[in-house]
>>> print(open('target02.txt').read())   # compact mmCIF, C-alpha atoms
# COMPACT_ATOMS: atom_id res chain seq x y z
CA MET A 30 95.22 121.13 91.31
CA GLN A 31 93.60 122.66 94.36
CA THR A 32 91.60 119.48 94.96
CA LEU A 33 94.78 117.41 94.80
CA GLU A 34 96.52 119.77 97.22
CA GLU A 35 93.60 119.28 99.60
CA SER A 36 93.96 115.50 99.29
CA LEU A 37 97.67 115.80 100.02
CA GLY A 38 97.08 118.21 102.87
CA TYR A 39 99.74 120.50 101.45
CA GLN A 40 99.61 123.79 99.51
CA PHE A 41 102.51 124.40 97.14
CA HIS A 42 104.44 127.65 97.17
CA ASN A 43 105.61 126.77 93.66
CA PRO A 44 102.71 125.01 91.86
CA GLU A 45 104.94 124.31 88.85
CA LEU A 46 106.67 121.60 90.89
CA LEU A 47 103.40 119.71 91.28
CA GLU A 48 102.59 120.18 87.59
CA GLU A 49 105.98 118.77 86.65
CA ALA A 50 105.47 115.80 88.97
CA LEU A 51 102.35 114.86 87.01
CA ARG A 52 103.88 115.33 83.54
CA HIS A 53 104.68 111.99 81.90
CA SER A 54 107.60 111.67 79.49
CA SER A 55 105.20 110.96 76.61
CA TYR A 56 103.66 114.42 77.07
CA ALA A 57 107.04 116.13 77.38
CA ASN A 58 108.25 114.40 74.21
CA GLU A 59 105.26 115.74 72.28
CA HIS A 60 106.04 119.28 73.45
CA ARG A 61 109.78 119.43 72.88
CA GLY A 62 111.18 122.90 72.44
CA ASN A 63 108.68 124.43 74.87
CA ASN A 64 110.97 124.09 77.89
CA ILE A 65 108.71 121.40 79.33
CA PHE A 66 110.23 118.66 81.48
CA SER A 67 108.83 115.26 82.38
CA ASN A 68 108.56 113.94 85.91
CA GLU A 69 111.47 111.49 85.51
CA ARG A 70 114.00 113.59 87.44
CA LEU A 71 111.51 114.16 90.24
CA GLU A 72 110.75 110.45 90.32
CA PHE A 73 114.48 109.76 90.77
CA LEU A 74 114.66 112.17 93.69
CA GLY A 75 111.36 111.00 95.16
CA ASP A 76 112.60 107.42 95.31
CA SER A 77 115.45 108.53 97.58
CA VAL A 78 113.24 110.79 99.72
CA LEU A 79 110.75 107.95 100.18
CA GLY A 80 113.52 105.50 100.98
CA PHE A 81 115.01 107.77 103.65
CA VAL A 82 111.70 108.62 105.32
CA THR A 83 110.64 104.97 105.35
CA ALA A 84 113.99 103.80 106.71
CA GLU A 85 113.88 106.40 109.49
CA TYR A 86 110.32 105.38 110.35
CA LEU A 87 111.13 101.66 110.52
CA PHE A 88 114.38 102.26 112.42
CA ALA A 89 112.46 104.08 115.15
CA LYS A 90 109.44 101.78 115.20
CA HIS A 91 111.37 98.50 115.33
CA PRO A 92 114.37 99.18 117.62
CA THR A 93 115.39 95.52 117.89
CA ALA A 94 114.76 94.38 114.30
CA PRO A 95 117.86 93.31 112.34
CA GLU A 96 118.91 95.05 109.14
CA GLY A 97 117.57 92.29 106.92
CA GLU A 98 114.11 92.45 108.47
CA LEU A 99 113.98 96.23 108.12
CA THR A 100 115.01 95.96 104.48
CA ARG A 101 112.29 93.42 103.73
CA ILE A 102 109.57 95.52 105.35
CA ARG A 103 110.75 98.67 103.57
CA SER A 104 110.76 96.96 100.18
CA LEU A 105 107.13 95.97 100.68
CA LEU A 106 106.04 99.39 101.92
CA VAL A 107 107.58 101.22 98.94
CA CYS A 108 106.89 98.65 96.20
CA GLU A 109 104.97 99.53 93.04
CA ASP A 110 101.74 98.01 94.36
CA SER A 111 101.82 100.19 97.48
CA LEU A 112 102.59 103.37 95.54
CA TYR A 113 99.88 102.51 93.01
CA GLU A 114 97.34 102.21 95.82
CA VAL A 115 98.40 105.63 97.15
CA ALA A 116 97.98 107.10 93.67
CA GLN A 117 94.50 105.61 93.43
CA ARG A 118 93.46 107.10 96.77
CA LEU A 119 94.79 110.50 95.71
CA LYS A 120 93.23 110.08 92.24
CA LEU A 121 96.52 111.09 90.60
CA GLY A 122 95.39 109.56 87.32
CA GLU A 123 92.90 112.38 86.87
CA TYR A 124 95.70 114.95 86.94
CA LEU A 125 98.34 113.26 84.77
CA LYS A 126 99.50 114.91 81.56
CA LEU A 127 100.06 112.18 78.99
CA GLY A 128 100.98 112.03 75.34
CA ARG A 129 98.25 111.03 72.91
CA GLY A 130 99.62 107.53 72.43
CA GLU A 131 99.96 106.83 76.14
CA GLU A 132 96.51 108.26 76.76
CA SER A 133 94.93 105.96 74.18
CA CYS A 134 96.70 102.91 75.65
CA GLY A 135 95.26 103.38 79.14
CA GLY A 136 98.28 105.09 80.66
CA ARG A 137 96.11 107.06 83.05
CA THR A 138 95.42 103.84 85.00
CA ARG A 139 98.71 102.02 84.42
CA PRO A 140 100.20 101.00 87.79
CA SER A 141 103.82 101.75 86.84
CA ILE A 142 102.99 105.27 85.62
CA LEU A 143 100.93 106.05 88.71
CA ALA A 144 103.57 104.64 91.07
CA ASP A 145 106.25 106.77 89.40
CA ALA A 146 104.03 109.85 89.64
CA THR A 147 103.54 109.21 93.36
CA GLU A 148 107.30 109.28 93.92
CA ALA A 149 107.55 112.42 91.81
CA VAL A 150 104.90 114.12 93.94
CA PHE A 151 106.85 113.25 97.09
CA ALA A 152 109.91 114.87 95.54
CA ALA A 153 107.93 117.94 94.55
CA VAL A 154 106.75 118.38 98.13
CA TYR A 155 110.33 117.92 99.37
CA LEU A 156 111.69 120.59 97.03
CA ASP A 157 108.84 122.96 97.85
CA GLY A 158 108.61 122.51 101.61
CA GLY A 159 111.59 120.49 102.78
CA ILE A 160 112.00 117.07 104.32
CA THR A 161 109.54 117.79 107.15
CA ALA A 162 106.68 118.48 104.75
CA ALA A 163 107.55 115.46 102.62
CA SER A 164 107.83 113.23 105.67
CA GLU A 165 104.44 114.32 107.00
CA ILE A 166 102.74 113.46 103.71
CA ILE A 167 104.54 110.14 103.30
CA HIS A 168 103.57 109.15 106.84
CA ARG A 169 99.97 110.15 106.27
CA VAL A 170 99.38 108.45 102.92
CA LEU A 171 101.73 105.47 103.16
CA LEU A 172 103.29 104.72 106.53
CA ASP A 173 100.16 104.35 108.60
CA LYS A 174 99.46 101.36 110.85
CA GLU A 175 97.14 99.65 108.38
CA ARG A 176 99.68 99.85 105.54
CA GLU A 177 102.43 98.22 107.57
CA GLU A 178 100.05 95.43 108.57
CA VAL A 179 99.33 94.82 104.90
CA ALA A 180 103.05 94.74 104.15
CA GLU A 181 103.64 92.29 106.98
CA GLU A 182 100.90 90.04 105.64
CA LYS A 183 102.37 90.08 102.15
CA ARG A 184 105.74 89.13 103.63
CA ARG A 185 104.41 85.89 105.07
CA ASP A 186 104.85 82.82 102.86
CA TYR A 187 101.51 81.12 103.30
CA LYS A 188 102.22 78.56 100.58
CA THR A 189 105.27 77.24 102.42
CA LYS A 190 103.39 77.12 105.72
CA LEU A 191 100.52 75.22 104.11
CA GLN A 192 102.92 72.79 102.44
CA GLU A 193 104.69 72.13 105.74
CA LEU A 194 101.37 71.52 107.47
CA VAL A 195 100.14 69.12 104.79
CA GLN A 196 103.40 67.18 104.73
CA ARG A 197 102.85 66.10 108.32
CA THR A 198 100.49 63.48 106.87
CA PRO A 199 101.89 61.15 104.17
CA ASN A 200 100.59 61.05 100.60
CA GLN A 201 98.89 64.46 100.64
CA VAL A 202 98.76 66.38 97.35
CA LEU A 203 98.38 70.17 97.04
CA VAL A 204 97.46 71.77 93.72
CA TYR A 205 96.92 75.46 92.88
CA ARG A 206 94.54 76.23 90.04
CA MET A 207 93.49 79.52 88.44
CA ILE A 208 89.72 79.77 88.22
CA GLY A 209 89.31 83.30 86.93
CA GLU A 210 90.84 86.61 85.87
CA HIS A 211 89.25 90.01 85.57
CA GLY A 212 90.15 93.46 84.31
CA PRO A 213 92.32 94.91 81.52
CA ASP A 214 95.80 93.55 80.79
CA HIS A 215 97.54 96.34 82.68
CA ASP A 216 95.40 95.87 85.82
CA LYS A 217 94.46 92.19 86.08
CA LEU A 218 92.88 90.54 89.11
CA PHE A 219 93.53 86.79 89.32
CA VAL A 220 91.48 84.24 91.27
CA PHE A 221 93.04 80.96 92.42
CA GLU A 222 91.90 77.98 94.44
CA VAL A 223 94.03 75.43 96.25
CA LEU A 224 93.03 71.78 96.32
CA LEU A 225 94.06 69.17 98.87
CA ASN A 226 93.63 65.69 97.43
CA ASP A 227 91.26 67.11 94.78
CA ALA A 228 89.10 68.92 97.36
CA VAL A 229 89.00 72.73 97.36
CA VAL A 230 90.31 74.00 100.71
CA GLY A 231 90.89 77.67 99.93
CA THR A 232 90.44 80.49 97.41
CA GLY A 233 92.21 83.82 96.97
CA LYS A 234 92.54 86.90 94.76
CA GLY A 235 95.55 89.01 93.81
CA ARG A 236 96.99 91.44 91.28
CA SER A 237 99.47 88.73 90.30
CA LYS A 238 99.14 84.98 90.05
CA LYS A 239 101.70 84.59 92.83
CA GLU A 240 99.75 86.86 95.17
CA ALA A 241 96.49 85.05 94.38
CA GLU A 242 98.11 81.71 95.19
CA GLN A 243 99.38 83.11 98.50
CA MET A 244 95.92 84.38 99.41
CA ALA A 245 94.41 80.99 98.54
CA ALA A 246 96.97 79.31 100.79
CA LYS A 247 96.18 81.81 103.57
CA ASP A 248 92.48 80.99 103.26
CA ALA A 249 93.27 77.27 103.38
CA LEU A 250 95.44 77.66 106.47
CA GLU A 251 92.63 79.44 108.31
CA LYS A 252 90.25 76.60 107.46
CA VAL A 253 92.57 73.62 107.86
CA ASN A 254 94.46 74.89 110.90
CA PRO A 255 92.24 77.51 112.62
>>> encode(input="target02.txt", output="structure tokens")
Amino acid sequence: MQTLEESLGYQFHNPELLEEALRHSSYANEHRGNNIFSNERLEFLGDSVLGFVTAEYLFAKHPTAPEGELTRIRSLLVCEDSLYEVAQRLKLGEYLKLGRGEESCGGRTRPSILADATEAVFAAVYLDGGITAASEIIHRVLLDKEREEVAEEKRRDYKTKLQELVQRTPNQVLVYRMIGEHGPDHDKLFVFEVLLNDAVVGTGKGRSKKEAEQMAAKDALEKVNP
């Protein structure tokens, strides 16, 4: 746990909080009667802590943005994909306590489990050191400049922009086609290409088919309308 604390930049006064944050329900269910709790309650609290810290950050950073815009940016910053990426950087999967069944099914790398554990860790820091400590960690691992730029990019609808551009010329046909997929079922990477009148004008990758299509459209926009 010391290595994880170093990655977080925070040393726990009560290490049991961090241990609980990394304890999946499958492990707790296999050890019933031993006064062992899963990280579900911490995840619940961590979701609210993360929401507050992110809202405060966006409120201060974008003083003229309307409520709807702030909500959209926040939802992208705190989505499962973003939390999963944080968990990967912190290598939370190495520290998870899982039940035998979940372990054998690849739970240590499952995005939903890792995202939930990330929220639970935020809650553990909050309970151990208060909102200031939690806020400092959330800012450092999630709310940096690069992360918001990624969220902003995901927010853009490149497919719609490409369609609008193509429609300026009559009789143009856009088609999106999957050309590959890689990785296990719980962590797929999809590859798509977009064709304009049967000619490939862009390719893209994503953790979902929708994201891969968007990235293909983004690539096409950069080539068709530089």
>>> closest_residue(input="target02.txt", among="A:Leu224, A:Leu37, A:Ile142, A:Met30", to="A:Glu72", atoms="all atoms listed in the file")
A:Ile142
>>> atom_distance(input="target02.txt", atom1="atom CA of A:Glu96", atom2="atom CA of A:Leu79")
17.7 Å
>>> atom_distance(input="target02.txt", atom1="atom CA of A:Glu48", atom2="atom CA of A:Asp173")
26.4 Å
>>> residues_around(input="target02.txt", residues="stretch 191-207 of chain A", least_positions_apart="3", cutoff="12 Å", atoms="only C-alpha atoms", output="MDAnalysis selection string")
chainID A and resid 185:188 210:211 218:235 237:254
>>> atom_distance(input="target02.txt", atom1="atom CA of A:Gly38", atom2="atom CA of A:Thr161")
13.2 Å
>>> closest_residue(input="target02.txt", among="A:Leu51, A:Ala149, A:Ala89, A:Ala163", to="A:Leu71", atoms="only C-alpha atoms")
A:Ala149
>>> closest_residue(input="target02.txt", among="A:Thr83, A:Thr189, A:Asn64, A:Ser55", to="A:Ile102", atoms="all atoms listed in the file")
A:Thr83
>>> closest_residue(input="target02.txt", among="A:His42, A:Ala144, A:His60, A:Lys90", to="A:Leu119", atoms="all atoms listed in the file")
A:Ala144
>>> build_atoms(input="target02.txt", residues="stretch 92-112 of chain A", atoms="N, CA and C atoms", output="compact mmCIF listing (two decimals), in the frame of the given file")
# COMPACT_ATOMS: atom_id res chain seq x y z
N PRO A 92 113.00 98.97 117.09
CA PRO A 92 114.37 99.18 117.62
C PRO A 92 115.21 97.92 117.75
N THR A 93 114.60 96.75 117.74
CA THR A 93 115.39 95.52 117.89
C THR A 93 115.45 94.70 116.61
N ALA A 94 114.79 95.15 115.55
CA ALA A 94 114.76 94.38 114.30
C ALA A 94 116.12 94.44 113.60
N PRO A 95 116.59 93.31 113.07
CA PRO A 95 117.86 93.31 112.34
C PRO A 95 117.74 94.01 110.99
N GLU A 96 118.88 94.31 110.42
CA GLU A 96 118.91 95.05 109.14
C GLU A 96 118.12 94.34 108.05
N GLY A 97 118.26 93.02 107.97
CA GLY A 97 117.57 92.29 106.92
C GLY A 97 116.06 92.39 107.03
N GLU A 98 115.55 92.35 108.24
CA GLU A 98 114.11 92.45 108.47
C GLU A 98 113.61 93.85 108.10
N LEU A 99 114.36 94.87 108.48
CA LEU A 99 113.98 96.23 108.12
C LEU A 99 113.96 96.43 106.62
N THR A 100 114.94 95.85 105.93
CA THR A 100 115.01 95.96 104.48
C THR A 100 113.82 95.30 103.82
N ARG A 101 113.43 94.13 104.32
CA ARG A 101 112.29 93.42 103.73
C ARG A 101 111.00 94.21 103.92
N ILE A 102 110.79 94.76 105.11
CA ILE A 102 109.57 95.52 105.35
C ILE A 102 109.55 96.78 104.47
N ARG A 103 110.69 97.46 104.39
CA ARG A 103 110.75 98.67 103.57
C ARG A 103 110.44 98.38 102.11
N SER A 104 110.98 97.28 101.59
CA SER A 104 110.76 96.96 100.18
C SER A 104 109.29 96.72 99.89
N LEU A 105 108.55 96.19 100.87
CA LEU A 105 107.13 95.97 100.68
C LEU A 105 106.33 97.26 100.81
N LEU A 106 106.75 98.12 101.73
CA LEU A 106 106.04 99.39 101.92
C LEU A 106 106.18 100.31 100.71
N VAL A 107 107.33 100.27 100.04
CA VAL A 107 107.58 101.22 98.94
C VAL A 107 107.52 100.55 97.57
N CYS A 108 106.96 99.34 97.48
CA CYS A 108 106.89 98.65 96.20
C CYS A 108 105.87 99.32 95.28
N GLU A 109 105.87 98.92 94.03
CA GLU A 109 104.97 99.53 93.04
C GLU A 109 103.51 99.38 93.44
N ASP A 110 103.13 98.22 93.97
CA ASP A 110 101.74 98.01 94.36
C ASP A 110 101.30 99.02 95.42
N SER A 111 102.16 99.25 96.41
CA SER A 111 101.82 100.19 97.48
C SER A 111 101.69 101.62 96.95
N LEU A 112 102.63 102.01 96.10
CA LEU A 112 102.59 103.37 95.54
C LEU A 112 101.39 103.54 94.61
